[in-house]
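Peer 1: Next up, query-v2.csv (CSV, C-alpha atoms).
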```
chain,number,residue,atom,x,y,z
A,1,MET,CA,121.3,95.6,118.3
A,2,SER,CA,121.1,98.9,116.4
A,3,ASN,CA,124.9,99.4,116.6
A,4,ASN,CA,125.3,95.9,115.2
A,5,HIS,CA,122.9,96.7,112.3
A,6,HIS,CA,124.9,99.7,111.4
A,7,ALA,CA,128.2,97.8,111.6
A,8,VAL,CA,126.8,95.3,109.1
A,9,ALA,CA,125.5,98.1,106.9
A,10,ALA,CA,128.9,99.8,106.9
A,11,GLU,CA,130.9,96.7,105.9
A,12,GLY,CA,128.5,95.3,103.3
A,13,GLY,CA,128.2,98.3,101.0
A,14,HIS,CA,124.5,98.6,102.0
A,15,ASP,CA,124.6,102.4,102.2
A,16,HIS,CA,122.0,104.4,100.5
A,17,GLY,CA,124.6,106.9,99.1
A,18,SER,CA,123.9,105.3,95.8
A,19,LEU,CA,120.3,106.3,95.9
A,20,THR,CA,119.9,110.1,96.0
A,21,THR,CA,116.7,112.2,96.0
A,22,LYS,CA,117.8,113.4,92.5
A,23,LEU,CA,117.8,109.8,91.3
A,24,ILE,CA,114.4,109.1,93.0
A,25,TRP,CA,112.8,112.0,91.1
A,26,ARG,CA,114.4,111.0,87.9
A,27,VAL,CA,112.8,107.5,88.2
A,28,PHE,CA,109.5,109.2,88.9
A,29,TRP,CA,109.7,111.2,85.7
A,30,ILE,CA,110.6,108.1,83.7
A,31,LEU,CA,107.6,106.2,85.2
A,32,LEU,CA,105.3,109.1,84.5
A,33,ALA,CA,106.5,109.6,80.9
A,34,VAL,CA,106.1,105.9,80.1
A,35,THR,CA,102.6,105.8,81.5
A,36,ILE,CA,101.5,108.9,79.5
A,37,PHE,CA,103.1,107.4,76.4
A,38,GLU,CA,101.2,104.1,77.0
A,39,VAL,CA,97.8,105.9,77.3
A,40,ALA,CA,98.6,108.1,74.3
A,41,ILE,CA,99.6,105.3,71.9
A,42,SER,CA,96.5,103.2,72.8
A,43,PHE,CA,94.5,105.7,70.8
A,44,THR,CA,96.6,105.6,67.6
A,45,GLY,CA,96.0,103.3,64.7
A,46,ILE,CA,98.9,101.0,65.4
A,47,SER,CA,98.1,97.3,64.9
A,48,LYS,CA,96.9,95.5,68.0
A,49,GLU,CA,99.8,93.0,68.0
A,50,VAL,CA,102.5,95.8,68.0
A,51,LEU,CA,100.6,97.7,70.7
A,52,MET,CA,100.4,94.7,73.0
A,53,LEU,CA,104.1,93.9,72.6
A,54,THR,CA,104.9,97.6,73.3
A,55,PHE,CA,102.7,97.6,76.4
A,56,ILE,CA,104.3,94.4,77.8
A,57,VAL,CA,107.9,95.7,77.1
A,58,LEU,CA,107.1,99.0,78.7
A,59,THR,CA,105.5,97.3,81.7
A,60,ILE,CA,108.7,95.3,82.3
A,61,VAL,CA,110.7,98.6,82.0
A,62,LYS,CA,108.5,100.2,84.6
A,63,SER,CA,108.7,97.2,87.0
A,64,TYR,CA,112.5,97.3,86.6
A,65,TYR,CA,112.6,100.9,87.8
A,66,ILE,CA,110.1,100.2,90.7
A,67,VAL,CA,111.8,97.0,91.9
A,68,GLY,CA,115.3,98.1,91.2
A,69,TYR,CA,115.3,101.7,92.6
A,70,PHE,CA,112.2,102.1,94.8
A,71,MET,CA,112.4,98.7,96.3
A,72,HIS,CA,116.1,99.0,96.3
A,73,LEU,CA,116.8,95.5,94.9
A,74,LYS,CA,119.4,96.8,92.6
A,75,TYR,CA,121.6,97.6,95.6
A,76,GLU,CA,121.1,94.4,97.5
A,77,ALA,CA,123.6,91.6,97.6
A,78,VAL,CA,123.8,89.6,94.4
A,79,PRO,CA,122.8,86.2,95.9
A,80,PHE,CA,119.7,87.8,97.5
A,81,ARG,CA,118.8,89.5,94.2
A,82,TRP,CA,118.8,86.1,92.4
A,83,SER,CA,116.9,84.4,95.2
A,84,ILE,CA,114.1,86.9,94.7
A,85,LEU,CA,114.1,87.0,90.9
A,86,LEU,CA,114.7,83.4,89.9
A,87,PRO,CA,111.4,82.0,91.2
A,88,PHE,CA,109.6,84.1,88.6
A,89,ILE,CA,110.8,81.6,86.0
A,90,LEU,CA,107.7,79.6,87.2
A,91,ILE,CA,105.5,82.5,86.2
A,92,VAL,CA,107.1,82.5,82.7
A,93,TYR,CA,106.4,78.8,82.6
A,94,LEU,CA,102.8,79.3,83.6
A,95,ILE,CA,102.3,81.9,80.8
A,96,PHE,CA,103.8,79.5,78.4
A,97,ILE,CA,101.5,76.6,79.5
A,98,ALA,CA,98.5,78.9,79.5
A,99,LEU,CA,99.2,80.0,75.9
A,100,TYR,CA,100.0,76.5,74.8
A,101,GLU,CA,97.0,74.8,76.3
A,102,GLY,CA,94.8,77.8,75.8
A,103,SER,CA,95.0,77.5,72.0
A,104,SER,CA,93.3,74.1,72.2
A,105,LEU,CA,90.7,75.4,74.6
A,106,THR,CA,89.7,78.2,72.1
A,107,MET,CA,88.9,75.5,69.5
A,108,ALA,CA,86.5,73.7,71.9
A,109,PRO,CA,82.7,74.5,71.3
A,110,LEU,CA,81.2,77.1,73.6
B,1,MET,CA,134.7,83.0,115.6
B,2,SER,CA,133.7,82.0,119.1
B,3,SER,CA,135.7,84.8,120.7
B,4,HIS,CA,133.9,87.2,118.3
B,5,ALA,CA,130.6,85.8,119.4
B,6,ALA,CA,131.5,86.3,123.0
B,7,ALA,CA,132.4,89.9,122.5
B,8,ASN,CA,129.2,90.6,120.6
B,9,PRO,CA,126.6,88.1,121.8
B,10,SER,CA,123.7,89.5,119.7
B,11,LYS,CA,125.4,88.5,116.5
B,12,VAL,CA,124.5,84.9,115.8
B,13,TRP,CA,125.8,84.7,112.3
B,14,GLY,CA,129.1,82.8,112.3
B,15,GLY,CA,129.6,81.9,108.7
B,16,GLY,CA,131.9,84.7,107.7
B,17,HIS,CA,130.5,87.1,105.1
B,18,SER,CA,126.7,87.2,105.2
B,19,PRO,CA,125.5,86.2,101.7
B,20,PHE,CA,122.3,88.2,101.8
B,21,ASN,CA,123.5,91.0,104.1
B,22,LEU,CA,119.9,91.8,104.9
B,23,SER,CA,118.0,91.9,108.2
B,24,TRP,CA,115.5,89.0,108.6
B,25,GLY,CA,112.6,91.4,108.8
B,26,LYS,CA,113.2,92.9,105.4
B,27,MET,CA,114.0,89.4,103.9
B,28,PHE,CA,110.7,88.0,105.1
B,29,MET,CA,108.9,91.0,103.7
B,30,TRP,CA,110.5,90.1,100.4
B,31,ILE,CA,109.6,86.5,100.6
B,32,PHE,CA,106.0,87.4,101.4
B,33,LEU,CA,105.9,89.8,98.4
B,34,VAL,CA,107.2,87.1,96.1
B,35,SER,CA,104.4,84.8,97.2
B,36,ASP,CA,101.9,87.7,96.8
B,37,ALA,CA,103.3,88.4,93.3
B,38,PHE,CA,102.6,84.8,92.5
B,39,THR,CA,98.9,85.2,93.5
B,40,PHE,CA,98.5,88.3,91.4
B,41,SER,CA,100.3,86.7,88.5
B,42,SER,CA,98.0,83.7,88.6
B,43,LEU,CA,94.9,86.0,88.7
B,44,LEU,CA,96.1,88.0,85.7
B,45,ILE,CA,97.1,84.9,83.7
B,46,ALA,CA,93.7,83.5,84.5
B,47,TYR,CA,92.2,86.7,83.1
B,48,GLY,CA,94.3,86.5,80.0
B,49,TYR,CA,93.3,82.8,79.5
B,50,MET,CA,89.6,83.5,79.7
B,51,ARG,CA,89.8,86.6,77.6
B,52,HIS,CA,91.6,84.6,74.9
B,53,ARG,CA,89.0,81.9,75.2
B,54,PHE,CA,86.1,84.4,74.8
B,55,THR,CA,87.7,87.0,72.5
B,56,SER,CA,84.6,87.4,70.3
B,57,ILE,CA,82.3,88.4,73.2
B,58,TRP,CA,84.9,90.1,75.5
B,59,PRO,CA,84.4,93.8,76.0
B,60,ILE,CA,87.2,96.2,74.9
B,61,PRO,CA,88.3,98.1,78.1
B,62,GLY,CA,88.5,101.4,76.1
B,63,ASP,CA,84.7,101.1,75.6
B,64,VAL,CA,84.0,100.4,79.3
B,65,PHE,CA,86.1,102.8,81.3
B,66,THR,CA,85.1,106.0,79.7
B,67,HIS,CA,84.0,108.2,82.6
B,68,PHE,CA,85.9,111.1,84.0
B,69,PRO,CA,84.7,113.4,86.8
B,70,PHE,CA,83.1,116.6,85.7
B,71,ILE,CA,83.5,115.8,82.0
B,72,HIS,CA,80.4,114.9,80.0
B,73,GLY,CA,81.5,112.6,77.2
B,74,HIS,CA,83.8,109.7,76.7
B,75,VAL,CA,87.4,110.0,78.0
B,76,PRO,CA,88.6,106.4,77.7
B,77,LEU,CA,91.3,105.3,80.1
B,78,ALA,CA,92.2,108.9,81.3
B,79,TYR,CA,90.8,108.1,84.7
B,80,VAL,CA,92.8,105.0,85.2
B,81,GLY,CA,95.8,106.9,83.9
B,82,LEU,CA,95.2,109.4,86.7
B,83,MET,CA,94.9,106.6,89.3
B,84,THR,CA,98.3,105.3,88.1
B,85,PHE,CA,99.7,108.7,88.5
B,86,ILE,CA,98.4,109.0,92.0
B,87,LEU,CA,99.9,105.6,93.0
B,88,ILE,CA,103.3,106.3,91.4
B,89,MET,CA,103.3,109.7,93.1
B,90,SER,CA,102.6,108.0,96.5
B,91,SER,CA,105.4,105.5,95.8
B,92,VAL,CA,107.8,108.5,95.3
B,93,THR,CA,106.8,110.1,98.6
B,94,MET,CA,107.3,106.7,100.3
B,95,VAL,CA,110.8,106.3,98.9
B,96,LEU,CA,111.5,109.8,100.1
B,97,ALA,CA,110.2,108.8,103.6
B,98,VAL,CA,112.6,105.8,103.6
B,99,PHE,CA,115.4,108.1,102.5
B,100,ALA,CA,114.6,110.5,105.3
B,101,GLY,CA,114.6,107.6,107.8
B,102,HIS,CA,118.1,106.7,106.7
B,103,ASN,CA,119.2,110.2,107.7
B,104,HIS,CA,117.3,109.8,111.0
B,105,ASN,CA,115.2,112.9,110.1
B,106,ARG,CA,112.0,112.3,112.1
B,107,LYS,CA,110.2,115.4,110.8
B,108,SER,CA,110.9,114.6,107.2
B,109,VAL,CA,109.8,111.0,107.6
B,110,LEU,CA,106.5,112.2,109.1
B,111,MET,CA,105.9,114.6,106.2
B,112,TRP,CA,106.6,112.1,103.4
B,113,LEU,CA,104.8,109.3,105.1
B,114,GLY,CA,101.8,111.6,105.7
B,115,LEU,CA,101.8,112.5,102.0
B,116,THR,CA,102.0,108.7,101.2
B,117,ILE,CA,98.9,108.1,103.4
B,118,ILE,CA,97.0,110.9,101.6
B,119,GLY,CA,98.0,109.4,98.3
B,120,GLY,CA,96.7,106.0,99.4
B,121,PHE,CA,93.3,107.5,100.4
B,122,MET,CA,93.1,109.4,97.1
B,123,PHE,CA,93.7,106.1,95.2
B,124,LEU,CA,91.1,104.3,97.3
B,125,GLY,CA,88.6,107.1,96.7
B,126,SER,CA,89.3,106.9,93.0
B,127,GLN,CA,88.7,103.2,93.0
B,128,ALA,CA,85.4,103.6,94.9
B,129,TRP,CA,84.3,106.1,92.2
B,130,GLU,CA,85.3,103.8,89.4
B,131,TRP,CA,83.5,100.8,91.0
B,132,TYR,CA,80.4,103.0,91.5
B,133,HIS,CA,80.2,103.9,87.8
B,134,PHE,CA,81.0,100.3,86.7
B,135,ILE,CA,78.2,99.0,88.9
B,136,GLU,CA,75.7,101.8,88.1
B,137,GLY,CA,76.3,101.5,84.3
B,138,SER,CA,74.6,103.6,81.7
B,139,GLU,CA,71.0,104.9,81.6
B,140,LYS,CA,69.6,102.3,79.1
B,141,GLY,CA,72.2,99.6,79.5
B,142,ALA,CA,72.6,96.7,77.1
B,143,PHE,CA,70.1,94.3,75.4
B,144,VAL,CA,70.1,90.6,74.7
B,145,LEU,CA,68.2,90.7,71.5
B,146,ALA,CA,65.5,88.1,70.4
B,147,ASP,CA,68.1,86.4,68.2
B,148,GLY,CA,70.6,86.1,71.0
B,149,ARG,CA,72.8,88.9,69.8
B,150,PHE,CA,74.2,91.4,72.4
B,151,ALA,CA,74.0,95.1,71.9
B,152,ARG,CA,74.9,98.1,74.0
B,153,THR,CA,73.4,101.6,74.2
B,154,ASP,CA,75.3,104.8,74.7
B,155,ASP,CA,74.0,107.7,76.8
B,156,LEU,CA,75.5,110.2,74.4
B,157,GLU,CA,73.7,108.6,71.3
B,158,PRO,CA,70.2,107.8,72.4
B,159,GLY,CA,68.3,105.3,70.3
B,160,VAL,CA,71.4,103.7,68.8
B,161,LEU,CA,72.3,100.1,69.4
B,162,MET,CA,76.0,99.1,69.1
B,163,PHE,CA,77.2,95.6,68.6
B,164,GLN,CA,80.4,94.0,69.8
B,165,ASP,CA,82.1,94.7,66.4
B,166,HIS,CA,81.2,98.4,66.7
B,167,SER,CA,78.5,98.1,63.9
B,168,LYS,CA,75.5,100.2,64.7
B,169,VAL,CA,71.7,100.1,64.2
B,170,GLU,CA,69.5,103.2,64.7
B,171,GLY,CA,66.0,104.6,64.3
B,172,ALA,CA,62.9,102.5,64.0
B,173,GLU,CA,64.9,99.3,63.5
B,174,ALA,CA,66.7,99.9,66.8
B,175,GLN,CA,63.4,100.6,68.5
B,176,GLU,CA,62.0,97.4,67.2
B,177,LEU,CA,65.0,95.4,68.3
B,178,MET,CA,64.9,96.9,71.8
B,179,ALA,CA,61.1,96.3,72.1
B,180,THR,CA,61.5,92.6,71.2
B,181,ALA,CA,64.7,92.1,73.2
B,182,LYS,CA,64.8,89.1,75.6
B,183,LYS,CA,66.6,91.0,78.3
B,184,ASN,CA,67.7,94.5,79.3
B,185,ILE,CA,70.9,94.6,81.5
B,186,ILE,CA,71.8,97.8,83.3
B,187,GLY,CA,75.0,98.1,85.2
B,188,ALA,CA,77.1,95.2,86.4
B,189,ASN,CA,77.0,92.5,89.1
B,190,LEU,CA,78.4,89.0,89.5
B,191,THR,CA,75.9,87.3,87.2
B,192,GLU,CA,75.5,89.8,84.3
B,193,ASN,CA,76.9,93.1,83.1
B,194,GLU,CA,76.1,95.5,80.3
B,195,TYR,CA,79.7,95.6,79.0
B,196,GLY,CA,79.8,92.2,77.4
B,197,ASN,CA,77.8,89.0,77.0
B,198,THR,CA,79.8,87.2,79.7
B,199,PRO,CA,79.7,87.5,83.5
B,200,LEU,CA,83.4,86.7,83.6
B,201,PHE,CA,84.5,90.2,82.6
B,202,ALA,CA,82.8,91.8,85.6
B,203,ASN,CA,83.8,89.0,87.9
B,204,PHE,CA,87.5,89.5,87.0
B,205,PHE,CA,87.1,93.2,87.3
B,206,PHE,CA,85.7,92.9,90.8
B,207,PHE,CA,88.1,90.3,92.0
B,208,ILE,CA,91.4,91.7,90.6
B,209,THR,CA,90.8,95.4,91.3
B,210,GLY,CA,89.1,94.5,94.6
B,211,PHE,CA,92.0,92.3,95.7
B,212,HIS,CA,94.5,95.0,94.7
B,213,GLY,CA,92.3,97.6,96.4
B,214,PHE,CA,92.3,95.6,99.6
B,215,HIS,CA,96.1,95.5,99.4
B,216,VAL,CA,96.1,99.3,99.1
B,217,PHE,CA,93.8,99.5,102.1
B,218,SER,CA,96.0,97.3,104.2
B,219,GLY,CA,99.0,99.3,103.1
B,220,VAL,CA,97.3,102.6,104.2
B,221,VAL,CA,96.5,101.0,107.6
B,222,LEU,CA,100.2,99.8,108.0
B,223,ASN,CA,101.4,103.2,107.0
B,224,ILE,CA,99.2,104.9,109.6
B,225,ILE,CA,100.5,102.5,112.3
B,226,VAL,CA,104.1,103.3,111.3
B,227,PHE,CA,103.3,107.0,111.1
B,228,ILE,CA,102.0,106.9,114.7
B,229,LEU,CA,105.0,105.0,115.9
B,230,VAL,CA,107.4,107.4,114.3
B,231,TYR,CA,105.4,110.3,115.7
B,232,GLN,CA,105.6,108.8,119.2
B,233,GLY,CA,109.4,108.6,118.8
B,234,PHE,CA,109.6,104.8,118.7
B,235,ASN,CA,112.1,104.7,115.9
B,236,GLU,CA,114.0,107.7,117.4
B,237,ARG,CA,114.6,105.8,120.6
B,238,LYS,CA,115.6,102.6,118.7
B,239,LYS,CA,117.8,104.7,116.4
B,240,ASP,CA,116.5,102.6,113.6
B,241,TYR,CA,114.0,103.5,110.9
B,242,GLU,CA,113.9,100.0,109.3
B,243,LEU,CA,110.2,99.8,110.0
B,244,VAL,CA,109.6,102.5,107.5
B,245,GLU,CA,111.7,100.5,104.9
B,246,LYS,CA,109.5,97.4,105.5
B,247,VAL,CA,106.2,99.1,105.0
B,248,GLY,CA,107.9,100.9,102.1
B,249,LEU,CA,108.7,97.6,100.4
B,250,TYR,CA,105.0,96.6,100.8
B,251,TRP,CA,103.8,99.9,99.4
B,252,HIS,CA,106.0,99.8,96.3
B,253,PHE,CA,104.9,96.3,95.7
B,254,VAL,CA,101.3,97.5,95.7
B,255,ASP,CA,102.3,100.2,93.1
B,256,LEU,CA,104.1,97.5,91.1
B,257,VAL,CA,101.0,95.3,91.0
B,258,TRP,CA,98.9,98.3,89.8
B,259,VAL,CA,101.3,98.8,86.9
B,260,PHE,CA,100.6,95.2,85.8
B,261,VAL,CA,96.8,95.5,86.4
B,262,PHE,CA,96.9,98.8,84.4
B,263,THR,CA,98.5,97.1,81.5
B,264,PHE,CA,96.8,93.8,81.4
B,265,PHE,CA,93.3,94.8,82.5
B,266,TYR,CA,92.9,98.3,81.0
B,267,LEU,CA,95.4,98.8,78.2
B,268,VAL,CA,95.7,95.5,76.4
```
Before we go any further, please render this structure as structure tokens.
Peer 2:
Amino acid sequence: MSNNHHAVAAEGGHDHGSLTTKLIWRVFWILLAVTIFEVAISFTGISKEVLMLTFIVLTIVKSYYIVGYFMHLKYEAVPFRWSILLPFILIVYLIFIALYEGSSLTMAPL
Amino acid sequence: MSSHAAANPSKVWGGGHSPFNLSWGKMFMWIFLVSDAFTFSSLLIAYGYMRHRFTSIWPIPGDVFTHFPFIHGHVPLAYVGLMTFILIMSSVTMVLAVFAGHNHNRKSVLMWLGLTIIGGFMFLGSQAWEWYHFIEGSEKGAFVLADGRFARTDDLEPGVLMFQDHSKVEGAEAQELMATAKKNIIGANLTENEYGNTPLFANFFFFITGFHGFHVFSGVVLNIIVFILVYQGFNERKKDYELVEKVGLYWHFVDLVWVFVFTFFYLV
């Protein structure tokens, strides 16, 4: 069983040679720097809209590093990668619907 | 293909190149995590929906989460920043444990996994501390005034009432308003809280951070189980450390969810 697993790993380019401890720590420093930056700019006088957009973009940047490197998805087979990522279109759709319907909800009396 | 299968009976796959090239265990962990991500997304979208609906009375997180251990005064968001740091740090130690597992280095796996468990307990402790301060609230709490307006007090500025738009009333006028107030709310529970004139804020806080905290707790339990198995040499005998990878996936996911909770609950 285990021999078999290693055989599959060897032929499929599933080796972790691509992910080194050096790279792991670099990802850590990126995540830390982004978090400190986020907390720091939340106290500046930047307009709320710009702040929100920055936070959302930086959150997606952080999740790219966590999912891609820590969860190793960047190194998985391409069909698998898409099978995991594509369902999240439904979440994008839910956000769209919530915003679209939500604006009429806001106008309703309390 | 059949001759190949006869030579190697454990290999069931007969369709040529495996499209996913992933063990079923890891794949099902991923599928579970996708479904869990949908649950958390729905919770956070529901939060955003309600916050958008009640913008005028919704508390600003920077005014609510101001405590920091051993510091007298307001340090908004620093504590959640620290919690984020703890969780990211434990994610790094977990990825290093997985890395050590690939090299079949049992001692190194135990060290990094042990540090991950410590990080998990630190995070749970921090969350307990935060819940305690959220539930306990301030000394004087908030007031629902006679005219229905909602005003908070601040331990650092006694005798001052602050409204939702940060306008302040002090002195005799504030005393008068407090004396004639309809209700005094101290702390937070599921029906009312001193942070804003809506129970929804505390409800979402308890549910979202509680649901995430329960995930962290489950993760710590799973990590401890795997730690014991690795310690007993289970993976050494199997010559396979994939178990560490599977709990690793779960642990990173918990970290990922916190990144989103941090942004959408605390920062925005």
Peer 1: Need the shell around stretch 118-121 of chain B: protein/DNA/RNA residues with any atom at most 10 Å away, counting only C-alpha atoms. Skip same-chain ones fewer than 2 positions apart. Format as an MDAnalysis selection string?
Peer 2: chainID B and resid 83 85:91 93:94 112:116 123:127 213 216:221 223 251
Peer 1: Can you list, as an mmCIF file with C-alpha atoms, in the coordinates of the input, every protein, DNA or RNA residue that comes within 8 Å of stretch 52-59 of chain B when you count all atoms listed in the file, leaving out same-chain residues fewer than 6 positions away?
Peer 2:
```
data_model
loop_
_atom_site.group_PDB
_atom_site.id
_atom_site.type_symbol
_atom_site.label_atom_id
_atom_site.label_comp_id
_atom_site.auth_asym_id
_atom_site.auth_seq_id
_atom_site.Cartn_x
_atom_site.Cartn_y
_atom_site.Cartn_z
ATOM 1 C CA GLY A 102 94.800 77.800 75.800
ATOM 2 C CA LEU A 105 90.700 75.400 74.600
ATOM 3 C CA THR A 106 89.700 78.200 72.100
ATOM 4 C CA GLN B 164 80.400 94.000 69.800
ATOM 5 C CA TYR B 195 79.700 95.600 79.000
ATOM 6 C CA GLY B 196 79.800 92.200 77.400
ATOM 7 C CA ASN B 197 77.800 89.000 77.000
ATOM 8 C CA THR B 198 79.800 87.200 79.700
ATOM 9 C CA PHE B 201 84.500 90.200 82.600
#
```
Peer 1: Give me, please, the distance in Å between atom CA of B:Ala142 and atom CA of B:Thr66, quoted to one decimal.
Peer 2: 15.8 Å
Peer 1: Show which residues sit within 10 Å of stretch 61-78 of chain A, as a compact mmCIF listing (two decimals) with C-alpha atoms, in the frame of the given file. Count only C-alpha atoms, and ignore same-chain residues fewer than 3 positions away.
Peer 2:
```
# COMPACT_ATOMS: atom_id res chain seq x y z
CA GLY A 12 128.50 95.30 103.30
CA GLY A 13 128.20 98.30 101.00
CA HIS A 14 124.50 98.60 102.00
CA ASP A 15 124.60 102.40 102.20
CA HIS A 16 122.00 104.40 100.50
CA SER A 18 123.90 105.30 95.80
CA LEU A 19 120.30 106.30 95.90
CA LEU A 23 117.80 109.80 91.30
CA ILE A 24 114.40 109.10 93.00
CA VAL A 27 112.80 107.50 88.20
CA PHE A 28 109.50 109.20 88.90
CA ILE A 30 110.60 108.10 83.70
CA LEU A 31 107.60 106.20 85.20
CA LEU A 32 105.30 109.10 84.50
CA VAL A 34 106.10 105.90 80.10
CA THR A 35 102.60 105.80 81.50
CA PHE A 55 102.70 97.60 76.40
CA ILE A 56 104.30 94.40 77.80
CA VAL A 57 107.90 95.70 77.10
CA LEU A 58 107.10 99.00 78.70
CA ARG A 81 118.80 89.50 94.20
CA TRP A 82 118.80 86.10 92.40
CA SER A 83 116.90 84.40 95.20
CA ILE A 84 114.10 86.90 94.70
CA LEU A 85 114.10 87.00 90.90
CA SER B 18 126.70 87.20 105.20
CA PRO B 19 125.50 86.20 101.70
CA PHE B 20 122.30 88.20 101.80
CA ASN B 21 123.50 91.00 104.10
CA LEU B 22 119.90 91.80 104.90
CA TRP B 30 110.50 90.10 100.40
CA ILE B 88 103.30 106.30 91.40
CA SER B 91 105.40 105.50 95.80
CA VAL B 92 107.80 108.50 95.30
CA MET B 94 107.30 106.70 100.30
CA VAL B 95 110.80 106.30 98.90
CA LEU B 96 111.50 109.80 100.10
CA VAL B 98 112.60 105.80 103.60
CA GLU B 245 111.70 100.50 104.90
CA LYS B 246 109.50 97.40 105.50
CA GLY B 248 107.90 100.90 102.10
CA LEU B 249 108.70 97.60 100.40
CA TYR B 250 105.00 96.60 100.80
CA TRP B 251 103.80 99.90 99.40
CA HIS B 252 106.00 99.80 96.30
CA PHE B 253 104.90 96.30 95.70
CA ASP B 255 102.30 100.20 93.10
CA LEU B 256 104.10 97.50 91.10
CA VAL B 257 101.00 95.30 91.00
CA VAL B 259 101.30 98.80 86.90
CA PHE B 260 100.60 95.20 85.80
```
Peer 1: Tell me, as a count of residues only, which residues lie within 12 Å of A:Leu94, counting all atoms listed in the file; anything in the same chain fewer than 2 positions away does not count.
Peer 2: 22
Peer 1: What is the distance, in Å and to one decimal place, between atom CA of B:Ile186 and atom CA of B:Ile60?
Peer 2: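 Distance between the two atoms: 17.6 Å.
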Peer 1: Figure out the distance between atom CA of B:Lys107 and atom CA of A:Trp25, please, to one decimal in Å.
Peer 2: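 Atom CA of B:Lys107 lies at a distance of 20.2 Å from atom CA of A:Trp25.
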Peer 1: Can you pull out every residue within 8 Å of A:Ser42, counting all atoms listed in the file, but drop anything in the same chain fewer than 3 positions away, and send it as a compact mmCIF listing (two decimals) with C-alpha atoms, in the coordinates of the input?
Peer 2:
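out.txt written:
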```txt
# COMPACT_ATOMS: atom_id res chain seq x y z
CA GLU A 38 101.20 104.10 77.00
CA VAL A 39 97.80 105.90 77.30
CA LEU A 51 100.60 97.70 70.70
CA LEU B 267 95.40 98.80 78.20
```
Peer 1: Considering only C-alpha atoms, state which residue in the set B:Ala181, B:Leu145, B:Ile135, B:Val34 is at the smallest distance from chain A.
Peer 2: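 Counting only C-alpha atoms, the residue closest to chain A is B:Val34.
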Peer 1: Of the candidates A:Ala33, A:Met52, A:Leu86, A:Ile46, which one gets nearest to chain B if we count only C-alpha atoms?
Peer 2: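 Result for the nearest residue to chain B: A:Met52.
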